[in-house]
Amino acid sequence: MSASPSHSPNAHTSGEAAGAARPFDGWAAVVLAAGRGTRMRSALPKVLHPVAGIPMVRLVTNTLHAAGFGHIVVVAGDARDQIADAVGRDIRIAVQDQPLGTGHAALAARDAAGESSHVLILNADLPLLSVRTLREMSERHLGSGAVLSFLTAYLDDPTGYGRVVRRNGRVDGIVEEQDADAATRGEPEVNGGLYAAEAAWLWPALAALTPGASGERYLTDLIGAAVRDGGVHPYQVQEAIEVQQVNTRVELAKVEQAMRDRIRRALMESGVTLVDPAATYIDAGVQIAPDTTVFPGCHLIGETRIGSGCRIGPNAVLRDMTIGDRCEIGGSTLEGSTLAEGVTVGPYCHVRPGSTLEHDVHLGNYAEVKASRIGARTAVGHFSYIGDADVGIGVNVGAGAITANYDGETKHRTRIGDGAFIGSDSVLVAPVEIGAGARTAAGAVVTRDVPAGALVMGMPAREHPPEGGPAARD
């Protein structure tokens with residue numbers, strides 16, 4: 001299989017290699033993920049809701065990695081264990097024991113941030129932030145001379161965002177929407193939820209934030225503090241959609257659509273043909289090599305990898321699949337399995353997890369394969385079931401043939417040797433072994449092992465001797 005280039009769906013160019021040099025090794029990136037997200041009306045913590053198949057918080061940490069930030073701290077609350085599982089154990093988790101505001105949450109990362117000279121702080125509900133934005137704002141901060149930089153955006157509808165307040169063109173602070181007067185609410189420039197700061201200034205400034213009437217400390221109050229202490233540098237995002245926050249299911253759907261548009265565009269720019277992009281659903285973890293064509297109605301899910309020169313669909317569902325070069329897959333469902341190069345799968349098939357189809361295997365219509373290995377150049381006819389089986393090279397499995405792998409208590413395996421011929425409607429009652437070159441007649445019910453080269457027929461199947469040979473064995 002040709003390896004397709006790994007890419008971050010948030011990168012504006014594909015090819016953000018996992019092992020790329022990290023230009024921000026002196027930084028700590030702090031992801032705020034302790035909010036409860038009550039407006040989602042969900043038992044699942046907000047930051048764990050998936051966008052294009054990946055939890056929001058994981059999308060954010062993936063983008064930080066791709067941008068070159070190696071030291072990442074995620075601040076979590078009650079859902080710390082779930083969040084740790086989502087982001088991976090290589091990322092440090094800091095705990096905010098009480099929900100005392102975003103400023104308090106950022107301060108909870110101080111020990112985990114260690115001796116980093118600079119700190120990047122961002123909200124975990126901003127999964128559309130791009131590698132370019134993270135890099136450029138951090139680099140601009142280093143050259144600005146300001147103690148704090150923050151991301152701004154101009155929105156047609158700024159509802160729900162803190163507004164940037166300027167005096168004589170210079171940033172003077174942030175006013176949260178609930179505290180803004182009518183004139184300020186009409187301002188289109190908003191706070192994007194991304195900050196870069198000098199660590200020596202940041203940690204004392206966070207500790208000095210004054211709690212509000214609710215007892216919470218707000219990270220946005222840092223802007224006013226920075227204006228007083230040494231200057232603040234605003235950085236305007238180039239694509240306003242990047243600051244789309246997720247607080248409700250409606251906003252989640254908006255982010256989902258934007259992310260999938262980004263994924264599809266990146267794939268097409270890399271050489272993949274999407275016949276109808278809007279009718280094709282591709283998760284952020286999917287990789288597809290050039291010169292593959294994906295037809296409408298396909299769902300490519302999870303960690304699916306597809307080689308070059310393939311034809312997928314229409315209406316195929318591939319979940320966590322590895323697909324080799326030059327495969328053709330009709331409107332079928334394939335899960336958790338591997339297809340080598342040159343495999344063809346007809347419509348209405350189901351390949352279940354744990355299966356391997358070697359090169360040039362053919363599945364007809366309505367075939368099902370489960371936890372089986374099928375050898376090269378084997379053909380499995382329509383309406384067949386191959387479960388818990390090891391099938392050799394160059395085998396022909398006739399239409400309607402099945403492996404009866406379950407005896408009511410235990411699953412058993414079937415083994416079929418190279419070059420065997422399994423007649424239509426044969427039932428192979430496991431555990432059973434069909435020898436190399438053996439044949440079963442149409443409708444045979446095979447309950448005992450079949451020797452290599454033998455022909456069996458009947459119910460139950462018995463070996464049939466060549467013409468003029470000895471009587472059939474019981």
# chains A, B, ... in the order shown; residues from 1 in each chain; ligands from 1
$ residues_around --residues "stretch 55-65 of chain A" --least-positions-apart "4" --cutoff "8 Å" --atoms "only C-alpha atoms" --output "PyMOL selection string"
chain A and resi 8+10-11+18+29+31+33+47-51+69-70+72+83+86-87+124-127+129-131+134
$ write_last_selection --atoms "N, CA and C atoms" --output "PDB file, in the first residue's frame"
ATOM      1  N   SER A   8      -2.519  17.503   9.146  1.00  0.00           N
ATOM      2  CA  SER A   8      -3.442  18.052  10.125  1.00  0.00           C
ATOM      3  C   SER A   8      -4.600  18.679   9.396  1.00  0.00           C
ATOM      4  N   ASN A  10      -6.315  20.979  10.310  1.00  0.00           N
ATOM      5  CA  ASN A  10      -6.299  22.407  10.580  1.00  0.00           C
ATOM      6  C   ASN A  10      -5.145  23.111   9.896  1.00  0.00           C
ATOM      7  N   ALA A  11      -4.294  22.344   9.195  1.00  0.00           N
ATOM      8  CA  ALA A  11      -3.196  22.975   8.478  1.00  0.00           C
ATOM      9  C   ALA A  11      -3.697  23.504   7.143  1.00  0.00           C
ATOM     10  N   ALA A  18       4.421  14.201  11.607  1.00  0.00           N
ATOM     11  CA  ALA A  18       4.357  14.003  13.046  1.00  0.00           C
ATOM     12  C   ALA A  18       5.697  14.267  13.708  1.00  0.00           C
ATOM     13  N   ALA A  29       2.196  25.271  25.981  1.00  0.00           N
ATOM     14  CA  ALA A  29       0.860  25.551  25.460  1.00  0.00           C
ATOM     15  C   ALA A  29      -0.164  25.024  26.461  1.00  0.00           C
ATOM     16  N   VAL A  31      -4.086  24.429  27.365  1.00  0.00           N
ATOM     17  CA  VAL A  31      -5.416  24.271  26.780  1.00  0.00           C
ATOM     18  C   VAL A  31      -6.439  24.228  27.911  1.00  0.00           C
ATOM     19  N   ALA A  33      -9.724  23.275  29.381  1.00  0.00           N
ATOM     20  CA  ALA A  33     -10.748  22.273  29.075  1.00  0.00           C
ATOM     21  C   ALA A  33     -11.569  21.904  30.301  1.00  0.00           C
ATOM     22  N   VAL A  47     -15.910  19.445  25.728  1.00  0.00           N
ATOM     23  CA  VAL A  47     -14.689  19.339  24.934  1.00  0.00           C
ATOM     24  C   VAL A  47     -14.450  17.935  24.412  1.00  0.00           C
ATOM     25  N   LEU A  48     -15.264  16.962  24.850  1.00  0.00           N
ATOM     26  CA  LEU A  48     -15.136  15.590  24.351  1.00  0.00           C
ATOM     27  C   LEU A  48     -16.113  15.288  23.227  1.00  0.00           C
ATOM     28  N   HIS A  49     -16.976  16.238  22.907  1.00  0.00           N
ATOM     29  CA  HIS A  49     -17.846  16.038  21.747  1.00  0.00           C
ATOM     30  C   HIS A  49     -16.986  15.999  20.493  1.00  0.00           C
ATOM     31  N   PRO A  50     -17.227  15.021  19.614  1.00  0.00           N
ATOM     32  CA  PRO A  50     -16.372  14.889  18.435  1.00  0.00           C
ATOM     33  C   PRO A  50     -16.704  15.900  17.348  1.00  0.00           C
ATOM     34  N   VAL A  51     -15.665  16.329  16.660  1.00  0.00           N
ATOM     35  CA  VAL A  51     -15.783  17.122  15.444  1.00  0.00           C
ATOM     36  C   VAL A  51     -15.027  16.356  14.364  1.00  0.00           C
ATOM     37  N   PHE A  69       4.516  22.863  18.997  1.00  0.00           N
ATOM     38  CA  PHE A  69       4.505  22.980  20.458  1.00  0.00           C
ATOM     39  C   PHE A  69       4.604  21.584  21.062  1.00  0.00           C
ATOM     40  N   GLY A  70       5.722  21.310  21.706  1.00  0.00           N
ATOM     41  CA  GLY A  70       5.934  19.988  22.283  1.00  0.00           C
ATOM     42  C   GLY A  70       5.494  19.871  23.722  1.00  0.00           C
ATOM     43  N   ILE A  72       2.722  20.546  26.124  1.00  0.00           N
ATOM     44  CA  ILE A  72       1.292  20.878  26.136  1.00  0.00           C
ATOM     45  C   ILE A  72       0.696  20.475  27.479  1.00  0.00           C
ATOM     46  N   ILE A  83     -10.693  13.191  29.793  1.00  0.00           N
ATOM     47  CA  ILE A  83      -9.917  14.084  28.932  1.00  0.00           C
ATOM     48  C   ILE A  83      -8.515  13.532  28.725  1.00  0.00           C
ATOM     49  N   ALA A  86      -8.638  11.006  26.121  1.00  0.00           N
ATOM     50  CA  ALA A  86      -8.893  11.562  24.793  1.00  0.00           C
ATOM     51  C   ALA A  86      -7.645  12.165  24.168  1.00  0.00           C
ATOM     52  N   VAL A  87      -6.829  12.851  24.964  1.00  0.00           N
ATOM     53  CA  VAL A  87      -5.669  13.555  24.397  1.00  0.00           C
ATOM     54  C   VAL A  87      -4.426  12.688  24.349  1.00  0.00           C
ATOM     55  N   ALA A 124     -10.280  25.061  24.689  1.00  0.00           N
ATOM     56  CA  ALA A 124     -10.412  23.755  24.041  1.00  0.00           C
ATOM     57  C   ALA A 124     -11.624  23.672  23.128  1.00  0.00           C
ATOM     58  N   ASP A 125     -12.491  24.679  23.165  1.00  0.00           N
ATOM     59  CA  ASP A 125     -13.674  24.643  22.298  1.00  0.00           C
ATOM     60  C   ASP A 125     -13.465  25.454  21.028  1.00  0.00           C
ATOM     61  N   LEU A 126     -12.200  25.557  20.583  1.00  0.00           N
ATOM     62  CA  LEU A 126     -11.860  26.235  19.336  1.00  0.00           C
ATOM     63  C   LEU A 126     -11.156  25.259  18.389  1.00  0.00           C
ATOM     64  N   PRO A 127     -11.859  24.227  17.924  1.00  0.00           N
ATOM     65  CA  PRO A 127     -11.185  23.185  17.132  1.00  0.00           C
ATOM     66  C   PRO A 127     -10.780  23.626  15.732  1.00  0.00           C
ATOM     67  N   LEU A 129      -9.009  26.390  14.992  1.00  0.00           N
ATOM     68  CA  LEU A 129      -7.748  27.127  14.953  1.00  0.00           C
ATOM     69  C   LEU A 129      -6.737  26.355  14.107  1.00  0.00           C
ATOM     70  N   SER A 130      -6.021  27.068  13.257  1.00  0.00           N
ATOM     71  CA  SER A 130      -5.114  26.414  12.322  1.00  0.00           C
ATOM     72  C   SER A 130      -3.672  26.476  12.796  1.00  0.00           C
ATOM     73  N   VAL A 131      -2.872  25.610  12.210  1.00  0.00           N
ATOM     74  CA  VAL A 131      -1.430  25.620  12.460  1.00  0.00           C
ATOM     75  C   VAL A 131      -0.850  26.996  12.121  1.00  0.00           C
ATOM     76  N   LEU A 134      -1.651  29.593  14.893  1.00  0.00           N
ATOM     77  CA  LEU A 134      -0.880  29.364  16.117  1.00  0.00           C
ATOM     78  C   LEU A 134       0.568  29.807  15.937  1.00  0.00           C
TER      79      LEU A 134
END
$ residues_around --residues "A:Val380" --least-positions-apart "5" --cutoff "10 Å" --atoms "only C-alpha atoms" --output "PDB file with C-alpha atoms, in the first residue's frame"
ATOM      1  CA  VAL A 345     -15.606  -5.772  -2.974  1.00  0.00           C
ATOM      2  CA  VAL A 361      -9.300 -11.173  -3.439  1.00  0.00           C
ATOM      3  CA  HIS A 362     -12.802 -10.731  -4.822  1.00  0.00           C
ATOM      4  CA  LEU A 363     -16.005 -10.520  -2.777  1.00  0.00           C
ATOM      5  CA  GLY A 364     -19.275 -10.727  -4.686  1.00  0.00           C
ATOM      6  CA  ASN A 365     -22.550  -9.123  -3.664  1.00  0.00           C
ATOM      7  CA  ALA A 367     -20.906 -11.433   1.144  1.00  0.00           C
ATOM      8  CA  GLU A 368     -19.919 -11.206   4.801  1.00  0.00           C
ATOM      9  CA  VAL A 369     -16.454 -11.776   6.261  1.00  0.00           C
ATOM     10  CA  ILE A 374      -8.651 -14.776   2.968  1.00  0.00           C
ATOM     11  CA  TYR A 385     -20.578 -15.971   4.997  1.00  0.00           C
ATOM     12  CA  ILE A 386     -16.946 -16.514   6.007  1.00  0.00           C
ATOM     13  CA  VAL A 395      -9.865 -20.723  -3.403  1.00  0.00           C
ATOM     14  CA  ASN A 396     -13.321 -20.461  -4.994  1.00  0.00           C
ATOM     15  CA  VAL A 397     -16.214 -20.094  -2.565  1.00  0.00           C
ATOM     16  CA  GLY A 398     -19.534 -20.573  -4.347  1.00  0.00           C
ATOM     17  CA  ALA A 399     -22.668 -18.527  -3.863  1.00  0.00           C
ATOM     18  CA  GLY A 400     -24.487 -19.136  -0.604  1.00  0.00           C
ATOM     19  CA  ALA A 401     -21.639 -21.079   1.030  1.00  0.00           C
ATOM     20  CA  ILE A 422     -16.380 -24.798  -2.118  1.00  0.00           C
TER      21      ILE A 422
END
$ residues_around --residues "A:Ala180" --least-positions-apart "6" --cutoff "12 Å" --atoms "only C-alpha atoms" --output "PyMOL selection string"
chain A and resi 159-165+173-174+186-187
$ write_last_selection --atoms "C-alpha atoms" --output "PDB file, in the first residue's frame"
ATOM      1  CA  THR A 159     -23.097  37.587  19.669  1.00  0.00           C
ATOM      2  CA  GLY A 160     -21.633  35.547  22.504  1.00  0.00           C
ATOM      3  CA  TYR A 161     -18.085  36.931  22.278  1.00  0.00           C
ATOM      4  CA  GLY A 162     -16.201  39.422  24.403  1.00  0.00           C
ATOM      5  CA  ARG A 163     -15.747  42.712  22.536  1.00  0.00           C
ATOM      6  CA  VAL A 164     -12.394  44.384  22.027  1.00  0.00           C
ATOM      7  CA  VAL A 165     -12.428  47.945  23.371  1.00  0.00           C
ATOM      8  CA  GLY A 173      -9.396  45.983  27.214  1.00  0.00           C
ATOM      9  CA  ILE A 174     -12.056  43.327  26.733  1.00  0.00           C
ATOM     10  CA  GLY A 186     -22.392  46.602  18.249  1.00  0.00           C
ATOM     11  CA  GLU A 187     -18.622  46.459  17.837  1.00  0.00           C
TER      12      GLU A 187
END
$ select_by_dssp --residues "stretch 140-287 of chain A" --states "helix (DSSP H, G or I)" --output "ChimeraX atom specification"
/A:140-144,177-179,182-185,199-207,221-229,240-243,249-269,277-279
$ select_by_dssp --residues "stretch 248-409 of chain A" --states "strand (DSSP E or B)" --output "ChimeraX atom specification"
/A:273-274,281-282,287-288,293-294,299-301,305-306,311-312,317-319,322-323,328-329,333-335,338-339,344-345,350-351,356-357,362-363,368-370,373-374,379-380,385-387,389-391,396-397,402-404,406
